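Raw contents of start24.cif, mmCIF, C-alpha atoms and all ligand atoms:
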data_structure
#
loop_
_atom_site.label_atom_id
_atom_site.label_comp_id
_atom_site.auth_asym_id
_atom_site.auth_seq_id
_atom_site.Cartn_x
_atom_site.Cartn_y
_atom_site.Cartn_z
CA MET A 1384 20.14 -11.43 -24.20
CA PRO A 1385 19.64 -11.76 -20.43
CA ASN A 1386 17.64 -14.76 -19.19
CA ILE A 1387 15.88 -14.22 -15.88
CA ALA A 1388 13.92 -16.74 -13.81
CA PHE A 1389 11.46 -16.13 -10.98
CA ILE A 1390 11.37 -18.97 -8.48
CA SER A 1391 10.08 -19.71 -5.00
CA PRO A 1392 9.40 -23.05 -3.36
CA LYS A 1393 6.27 -21.45 -1.87
CA GLY A 1394 3.19 -20.33 -3.80
CA GLY A 1395 1.81 -16.80 -3.76
CA ALA A 1396 5.09 -14.98 -3.11
CA GLY A 1397 4.63 -12.63 -6.09
CA LYS A 1398 6.58 -14.33 -8.91
CA THR A 1399 4.05 -13.88 -11.70
CA THR A 1400 3.36 -10.24 -10.80
CA ALA A 1401 7.08 -9.47 -10.60
CA ALA A 1402 7.75 -11.25 -13.92
CA LEU A 1403 5.01 -9.29 -15.69
CA ALA A 1404 6.02 -5.98 -14.07
CA LEU A 1405 9.58 -6.49 -15.30
CA ALA A 1406 8.39 -7.34 -18.82
CA LEU A 1407 6.12 -4.27 -18.93
CA GLY A 1408 8.85 -1.96 -17.63
CA LEU A 1409 11.37 -3.25 -20.16
CA ALA A 1410 8.83 -3.06 -23.01
CA ASP A 1411 8.13 0.55 -22.02
CA GLN A 1412 11.79 1.28 -22.67
CA GLY A 1413 11.49 -0.24 -26.15
CA ALA A 1414 12.87 -3.71 -25.40
CA ARG A 1415 11.41 -6.90 -26.86
CA VAL A 1416 10.57 -9.37 -24.12
CA ALA A 1417 9.65 -13.05 -24.25
CA LEU A 1418 7.79 -14.32 -21.20
CA ILE A 1419 7.87 -18.07 -20.66
CA ASP A 1420 4.97 -19.23 -18.53
CA SER A 1421 6.07 -22.42 -16.80
CA ASP A 1422 3.20 -22.57 -14.34
CA PRO A 1423 0.60 -25.25 -15.17
CA ASN A 1424 -2.07 -22.71 -14.15
CA LYS A 1425 -0.81 -20.50 -17.02
CA PRO A 1426 -1.42 -17.06 -15.44
CA LEU A 1427 0.67 -15.24 -18.05
CA VAL A 1428 -0.91 -17.11 -20.96
CA ARG A 1429 -4.25 -16.01 -19.51
CA TRP A 1430 -3.01 -12.41 -19.17
CA ALA A 1431 -1.88 -12.50 -22.82
CA SER A 1432 -5.32 -13.67 -23.90
CA LEU A 1433 -6.87 -10.49 -22.47
CA PRO A 1434 -6.95 -7.40 -24.71
CA GLY A 1435 -4.08 -4.92 -24.88
CA ARG A 1436 -0.92 -7.05 -24.69
CA PRO A 1437 1.96 -4.79 -25.80
CA GLN A 1438 3.35 -6.02 -29.13
CA ALA A 1439 6.85 -6.08 -27.70
CA ILE A 1440 5.89 -8.85 -25.25
CA SER A 1441 5.34 -12.43 -26.38
CA VAL A 1442 4.14 -15.19 -24.06
CA HIS A 1443 5.13 -18.84 -24.51
CA ALA A 1444 3.63 -21.69 -22.51
CA ALA A 1445 5.90 -24.33 -20.96
CA PRO A 1446 3.59 -26.52 -18.86
CA THR A 1447 6.49 -28.47 -17.31
CA VAL A 1448 10.15 -27.67 -16.63
CA GLN A 1449 11.01 -30.03 -19.51
CA ASP A 1450 9.06 -27.80 -21.91
CA ILE A 1451 11.06 -24.66 -21.07
CA ARG A 1452 13.85 -25.38 -23.55
CA ASP A 1453 11.34 -25.75 -26.43
CA ALA A 1454 9.51 -22.60 -25.34
CA ALA A 1455 12.80 -20.68 -25.24
CA GLN A 1456 13.62 -21.88 -28.74
CA GLU A 1457 10.22 -20.71 -29.96
CA ALA A 1458 10.72 -17.39 -28.12
CA ARG A 1459 14.17 -16.80 -29.67
CA ARG A 1460 12.66 -16.85 -33.17
CA ARG A 1461 11.15 -13.45 -32.28
CA GLU A 1462 14.64 -12.19 -31.37
CA PRO A 1463 13.77 -10.89 -27.91
CA ASP A 1464 16.16 -8.69 -25.94
CA TRP A 1465 15.16 -10.43 -22.70
CA ILE A 1466 13.75 -13.85 -21.77
CA ILE A 1467 11.84 -13.99 -18.50
CA VAL A 1468 10.65 -17.29 -17.04
CA ASP A 1469 7.86 -17.51 -14.49
CA THR A 1470 7.62 -20.83 -12.62
CA GLU A 1471 5.23 -22.79 -10.46
CA GLY A 1472 5.50 -22.04 -6.72
CA SER A 1473 7.01 -25.36 -5.66
CA VAL A 1474 10.43 -26.99 -5.32
CA ARG A 1475 9.73 -28.77 -8.62
CA GLY A 1476 8.99 -25.43 -10.33
CA ALA A 1477 12.15 -23.97 -8.83
CA MET A 1478 14.31 -26.56 -10.60
CA VAL A 1479 14.15 -24.43 -13.71
CA PHE A 1480 17.96 -24.07 -13.84
CA ALA A 1481 18.13 -27.56 -15.29
CA ALA A 1482 16.41 -26.23 -18.43
CA LEU A 1483 18.22 -22.99 -19.32
CA ARG A 1484 21.26 -20.93 -18.39
CA PHE A 1485 20.13 -17.95 -16.34
CA ASP A 1486 21.85 -14.62 -15.79
CA LEU A 1487 19.73 -13.87 -12.76
CA VAL A 1488 17.33 -15.83 -10.56
CA VAL A 1489 14.87 -13.78 -8.49
CA THR A 1490 12.87 -14.96 -5.48
CA PRO A 1491 10.08 -12.61 -4.46
CA LEU A 1492 8.91 -12.68 -0.86
CA THR A 1493 6.45 -10.75 1.23
CA GLY A 1494 7.51 -9.59 4.67
CA SER A 1495 6.33 -12.78 6.37
CA GLN A 1496 8.34 -15.31 8.34
CA MET A 1497 6.99 -18.15 6.18
CA ASP A 1498 8.16 -16.43 3.02
CA ALA A 1499 11.56 -15.73 4.58
CA ILE A 1500 12.09 -19.44 5.27
CA GLU A 1501 11.18 -20.29 1.69
CA ALA A 1502 13.41 -17.54 0.28
CA ILE A 1503 16.34 -18.94 2.26
CA LYS A 1504 15.52 -22.37 0.82
CA ALA A 1505 15.42 -20.90 -2.70
CA SER A 1506 18.77 -19.24 -2.20
CA GLU A 1507 20.26 -22.56 -1.02
CA LEU A 1508 18.78 -24.37 -4.04
CA VAL A 1509 20.35 -21.84 -6.40
CA ALA A 1510 23.72 -22.00 -4.62
CA SER A 1511 23.84 -25.79 -4.62
CA PHE A 1512 22.84 -25.97 -8.28
CA GLY A 1513 25.51 -23.38 -9.16
CA LYS A 1514 28.13 -25.38 -7.26
CA ARG A 1515 27.22 -28.63 -9.02
CA ALA A 1516 27.14 -26.97 -12.44
CA GLY A 1517 30.43 -25.19 -11.74
CA ASN A 1518 29.03 -21.71 -12.34
CA ASN A 1519 27.83 -19.26 -9.78
CA LEU A 1520 24.24 -18.33 -10.46
CA LEU A 1521 23.33 -14.78 -9.55
CA HIS A 1522 20.43 -14.79 -7.09
CA ARG A 1523 18.49 -11.93 -5.55
CA CYS A 1524 15.46 -11.77 -3.30
CA LEU A 1525 12.80 -9.20 -4.16
CA LEU A 1526 10.63 -7.76 -1.43
CA SER A 1527 7.12 -7.81 -2.77
CA ARG A 1528 3.76 -6.39 -1.75
CA VAL A 1529 5.52 -3.98 0.58
CA PRO A 1530 3.09 -1.43 2.07
CA ALA A 1531 3.80 1.93 0.46
CA ALA A 1532 3.54 3.90 3.72
CA LEU A 1533 4.56 2.46 7.06
CA LYS A 1534 6.97 -0.51 6.87
CA PRO A 1535 5.78 -3.25 9.26
CA ARG A 1536 8.14 -4.56 11.95
CA SER A 1537 7.96 -8.07 10.46
CA LEU A 1538 9.53 -6.78 7.25
CA GLY A 1539 12.57 -5.54 9.17
CA ALA A 1540 12.90 -8.93 10.86
CA VAL A 1541 12.75 -10.72 7.49
CA VAL A 1542 15.40 -8.44 5.97
CA ALA A 1543 17.65 -9.00 9.00
CA GLN A 1544 17.39 -12.78 8.62
CA LEU A 1545 18.35 -12.66 4.96
CA ARG A 1546 21.27 -10.30 5.62
CA GLU A 1547 22.53 -12.55 8.42
CA ARG A 1548 22.85 -15.33 5.83
CA GLU A 1549 24.39 -12.98 3.27
CA ILE A 1550 21.41 -13.46 0.98
CA GLU A 1551 21.19 -10.42 -1.25
CA ILE A 1552 18.06 -8.37 -1.79
CA LEU A 1553 17.32 -6.21 -4.83
CA PRO A 1554 17.57 -2.54 -3.80
CA ALA A 1555 14.07 -1.82 -5.17
CA ALA A 1556 10.97 -3.49 -3.70
CA LEU A 1557 7.55 -3.91 -5.32
CA ILE A 1558 4.94 -2.04 -3.34
CA GLU A 1559 1.43 -3.28 -2.55
CA LYS A 1560 -0.76 -1.69 -5.21
CA GLU A 1561 -4.20 -2.43 -6.55
CA ALA A 1562 -2.77 -1.68 -10.01
CA PHE A 1563 -0.54 -4.78 -9.85
CA ARG A 1564 -3.56 -6.97 -9.13
CA ALA A 1565 -5.69 -5.29 -11.77
CA LEU A 1566 -3.20 -6.10 -14.56
CA PHE A 1567 -4.45 -9.70 -14.52
CA GLU A 1568 -8.09 -8.68 -14.64
CA VAL A 1569 -7.95 -5.89 -17.22
CA GLY A 1570 -5.05 -7.15 -19.37
CA GLY A 1571 -2.44 -5.08 -21.17
CA GLY A 1572 -0.11 -2.71 -19.34
CA LEU A 1573 -0.42 0.30 -17.08
CA ASP A 1574 -1.92 2.50 -19.82
CA ALA A 1575 -4.87 0.11 -20.05
CA LEU A 1576 -5.37 0.33 -16.27
CA GLU A 1577 -5.47 4.12 -16.46
CA ALA A 1578 -8.10 3.91 -19.18
CA HIS A 1579 -10.13 1.61 -16.89
CA GLY A 1580 -9.97 4.10 -14.03
CA VAL A 1581 -7.74 1.97 -11.77
CA GLY A 1582 -6.12 4.16 -9.10
CA GLY A 1583 -2.46 4.48 -8.21
CA VAL A 1584 -1.16 3.77 -11.72
CA ALA A 1585 1.41 6.61 -11.65
CA ALA A 1586 2.93 5.27 -8.41
CA ALA A 1587 2.96 1.73 -9.85
CA ARG A 1588 4.73 3.04 -12.96
CA ARG A 1589 7.43 4.77 -10.89
CA ASN A 1590 7.80 1.64 -8.82
CA ILE A 1591 8.26 -0.53 -11.92
CA GLN A 1592 10.87 1.91 -13.30
CA ALA A 1593 12.95 1.68 -10.10
CA TYR A 1594 12.63 -2.12 -10.07
CA VAL A 1595 13.62 -2.44 -13.76
CA ALA A 1596 16.64 -0.18 -13.16
CA ALA A 1597 17.76 -2.40 -10.24
CA VAL A 1598 17.55 -5.50 -12.47
CA GLN A 1599 19.35 -3.75 -15.34
CA ASP A 1600 22.15 -2.72 -12.98
CA LEU A 1601 22.79 -6.40 -12.37
CA VAL A 1602 22.38 -7.98 -15.77
CA ALA A 1603 22.01 -5.55 -18.66
CA PRO A 1604 25.15 -4.88 -20.67
CA PRO A 1605 26.57 -1.38 -20.12
CA GLU A 1606 25.34 1.24 -22.60
CA ALA A 1607 28.71 1.56 -24.38
CA LEU A 1608 28.83 -2.19 -25.00
CA ARG A 1609 25.21 -2.18 -26.19
CA ARG A 1610 25.99 0.55 -28.73
CA ALA A 1611 29.02 -1.35 -30.00
CA CYS A 1612 26.96 -4.52 -30.61
N1 LIG B 1 2.80 -5.70 -5.61
C1 LIG B 1 1.59 -6.25 -5.45
N2 LIG B 1 0.53 -5.47 -5.09
C2 LIG B 1 -0.69 -5.99 -4.92
N3 LIG B 1 -0.99 -7.29 -5.07
C3 LIG B 1 0.01 -8.12 -5.40
C4 LIG B 1 1.34 -7.66 -5.63
N4 LIG B 1 2.13 -8.72 -5.94
C5 LIG B 1 1.31 -9.79 -5.94
N5 LIG B 1 0.05 -9.45 -5.61
C6 LIG B 1 -1.12 -10.36 -5.48
O1 LIG B 1 -0.73 -11.42 -4.62
C7 LIG B 1 -1.19 -12.67 -5.11
C8 LIG B 1 0.00 -13.59 -5.40
O2 LIG B 1 0.81 -12.98 -6.38
P1 LIG B 1 1.40 -13.80 -7.61
O3 LIG B 1 0.33 -14.58 -8.29
O4 LIG B 1 2.21 -12.86 -8.42
O5 LIG B 1 2.36 -14.81 -6.82
P2 LIG B 1 3.05 -16.15 -7.37
O6 LIG B 1 4.30 -16.30 -6.59
O7 LIG B 1 3.19 -16.08 -8.83
O8 LIG B 1 2.00 -17.26 -6.97
P3 LIG B 1 2.00 -18.81 -7.45
O9 LIG B 1 3.11 -19.47 -6.71
O10 LIG B 1 0.65 -19.28 -7.06
O11 LIG B 1 2.24 -18.80 -8.92
C9 LIG B 1 -2.01 -12.36 -6.35
O12 LIG B 1 -3.36 -12.23 -5.96
C10 LIG B 1 -1.46 -11.00 -6.81
O13 LIG B 1 -2.43 -10.25 -7.51
MG MG B 2 2.58 -17.41 -10.27
#
Let me see the file written as structure tokens.
Ligand SMILES: Nc1ncnc2c1ncn2[C@@H]1O[C@H](COP(=O)(O)OP(=O)(O)OP(=O)(O)O)[C@@H](O)[C@H]1O
Ligand SMILES: [Mg+2]
Amino acid sequence: MPNIAFISPKGGAGKTTAALALALGLADQGARVALIDSDPNKPLVRWASLPGRPQAISVHAAPTVQDIRDAAQEARRREPDWIIVDTEGSVRGAMVFAALRFDLVVTPLTGSQMDAIEAIKASELVASFGKRAGNNLLHRCLLSRVPAALKPRSLGAVVAQLREREIEILPAALIEKEAFRALFEVGGGLDALEAHGVGGVAAARRNIQAYVAAVQDLVAPPEALRRAC
């Protein structure tokens, strides 16, 4: 059962959206997903309180990092295939590794210089924690809110800075789409957005599929192993 955390020392980088998009994409493939909401503002708990939450997704509140272990225990009772933890956008929120063992830590960032600095900081936090704990934590940056059409010059500069430091970036980015914002207003998944007349749902769905595949390439057990289990 892969455990994945979304962290960034800076707020508003796209953690909650990326966590929910991953959960929805996995649930679409038939997986059971437990989302742990470790942001005191509880955006995922709020999303779950809206109509239409897919049955395969459960949401568990963990108001502080200390509560994550209890929330994970509660989540495991539902026998999820994946546990995904969304955290508060702060250094304190990013210290989630103290609570659980993670297979992958993801730091979303938009193509801004400020986000790049914070993503570098996140990568250093993960590396230093891994060194102290004696296990290398897998970390990837995720480009988020990328314009679907023309890629801005600043995005190229941000990517270059990360590459220079050998900080790895997931091969699929999340594009800027109204549908991703609307999820938190309408509730449920992409089907619910379609029913509400939100535009661009098909493109958002394809985007989520590519993003889920990139995550699965890193952490999901190979198909043969899965069948043998
Ligand atoms: N791919 C996207 N397309 C359009 N809007 C997006 C996308 N990703 C995020 N947003 C919007 O950007 C804002 C910040 O995103 P989000 O809440 O996911 O970031 P966060 O890192 O979880 O923030 P915080 O640190 O405050 O928890 C929100 O208004 C969200 O709706
Ligand atoms: Mg958030």
Of the listed residues A:Arg1536, A:Gly1397, A:Leu1526, A:Pro1554, that which approaches Ala1593 in chain A most closely, counting all atoms listed in the file: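 Smallest distance to Ala1593 in chain A is found for A:Pro1554.
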From A:Ala1543, A:Ala1417, A:Ala1531, A:Ile1503, residue lying nearest ligand LIG 1 (chain B) [all atoms listed in the file]: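 Nearest to ligand LIG 1 (chain B): A:Ala1531.
Near ligand MG 2 (chain B), at a distance of at most 7 Å and with only C-alpha atoms and all ligand atoms counted, sit the residues Gly1395, Gly1397, Lys1398, Thr1399, Asp1422, Pro1426, Asp1469, Thr1470, Glu1471 and Gly1472 of chain A.
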Listed atoms of ligand LIG 1 (chain B) boxed along x, y and z, 8 Å each side, centre and edge lengths in Å, one decimal, as lines of an AutoDock Vina configuration file:
center_x = 0.5
center_y = -12.5
center_z = -6.8
size_x = 23.7
size_y = 30.0
size_z = 20.3
Could the residues that lie within 9 Å of ligand LIG 1 (chain B), counting only C-alpha atoms and all ligand atoms, be listed as a ChimeraX atom specification? /A:1389-1403,1422,1424-1426,1469-1473,1490-1493,1527-1530,1556-1567,1587
Write out as a tab-separated table the residues of range 1564-1603 of chain A that have any atom within 12 Å of an atom of range 1430-1446 of chain A, one row each with the nearest atom pair and its distance in Å to one decimal, counting only C-alpha atoms, sorted by chain and then rising number.
residue	atom	partner	partner_atom	distance
A:Arg1564	CA	A:Trp1430	CA	11.4
A:Ala1565	CA	A:Trp1430	CA	10.6
A:Leu1566	CA	A:Trp1430	CA	7.8
A:Phe1567	CA	A:Trp1430	CA	5.6
A:Glu1568	CA	A:Trp1430	CA	7.8
A:Val1569	CA	A:Leu1433	CA	7.1
A:Gly1570	CA	A:Leu1433	CA	4.9
A:Gly1571	CA	A:Gly1435	CA	4.1
A:Gly1572	CA	A:Arg1436	CA	6.9
A:Leu1573	CA	A:Gly1435	CA	10.1
A:Asp1574	CA	A:Gly1435	CA	9.2
A:Ala1575	CA	A:Gly1435	CA	7.0
A:Leu1576	CA	A:Gly1435	CA	10.2
A:Ala1578	CA	A:Gly1435	CA	11.3
A:His1579	CA	A:Gly1435	CA	12.0
Please, what distance in Å, to one decimal, runs between CA of Gln1412 in chain A and CA of Ala1597 in chain A? 14.3 Å
Given all atoms listed in the file as the counted atoms, nearest of A:Val1474, A:Ala1388, A:Leu1538, A:Ala1455 to Arg1523 in chain A: A:Ala1388
For each of A:Asn1386, A:Glu1457, A:Ala1603, A:Gly1539, take the minimum atom-to-atom distance to Val1488 in chain A, counting only C-alpha atoms, then give the residue where this is smallest.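 Once distances to Val1488 in chain A are computed over only C-alpha atoms, the minimum belongs to A:Asn1386.
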May I ask for the distance between CA of Gly1408 in chain A and CA of Met1478 in chain A, given in Å to one decimal place?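 CA of Met1478 in chain A lies 26.2 Å from CA of Gly1408 in chain A.
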For the atom pair CA of Ala1510 in chain A and CA of His1522 in chain A, what is the interatomic distance in Å to one decimal place? 8.3 Å
Nearest candidate to Leu1525 in chain A (options A:Leu1553, A:Ile1451, A:Leu1545, A:Met1384; using all atoms listed in the file): A:Leu1553
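With only C-alpha atoms as the atoms that count, the residue of A:Gln1599, A:Asn1518, A:Gln1456, A:Ser1506 with the shortest distance to Ile1550 in chain A is A:Ser1506.
Around Asn1519 in chain A, within 9 Å and counting all atoms listed in the file, the residues found are Val1509, Ala1510, Phe1512, Gly1513 and Lys1514 of chain A, once anything fewer than 5 positions away on its own chain is removed.
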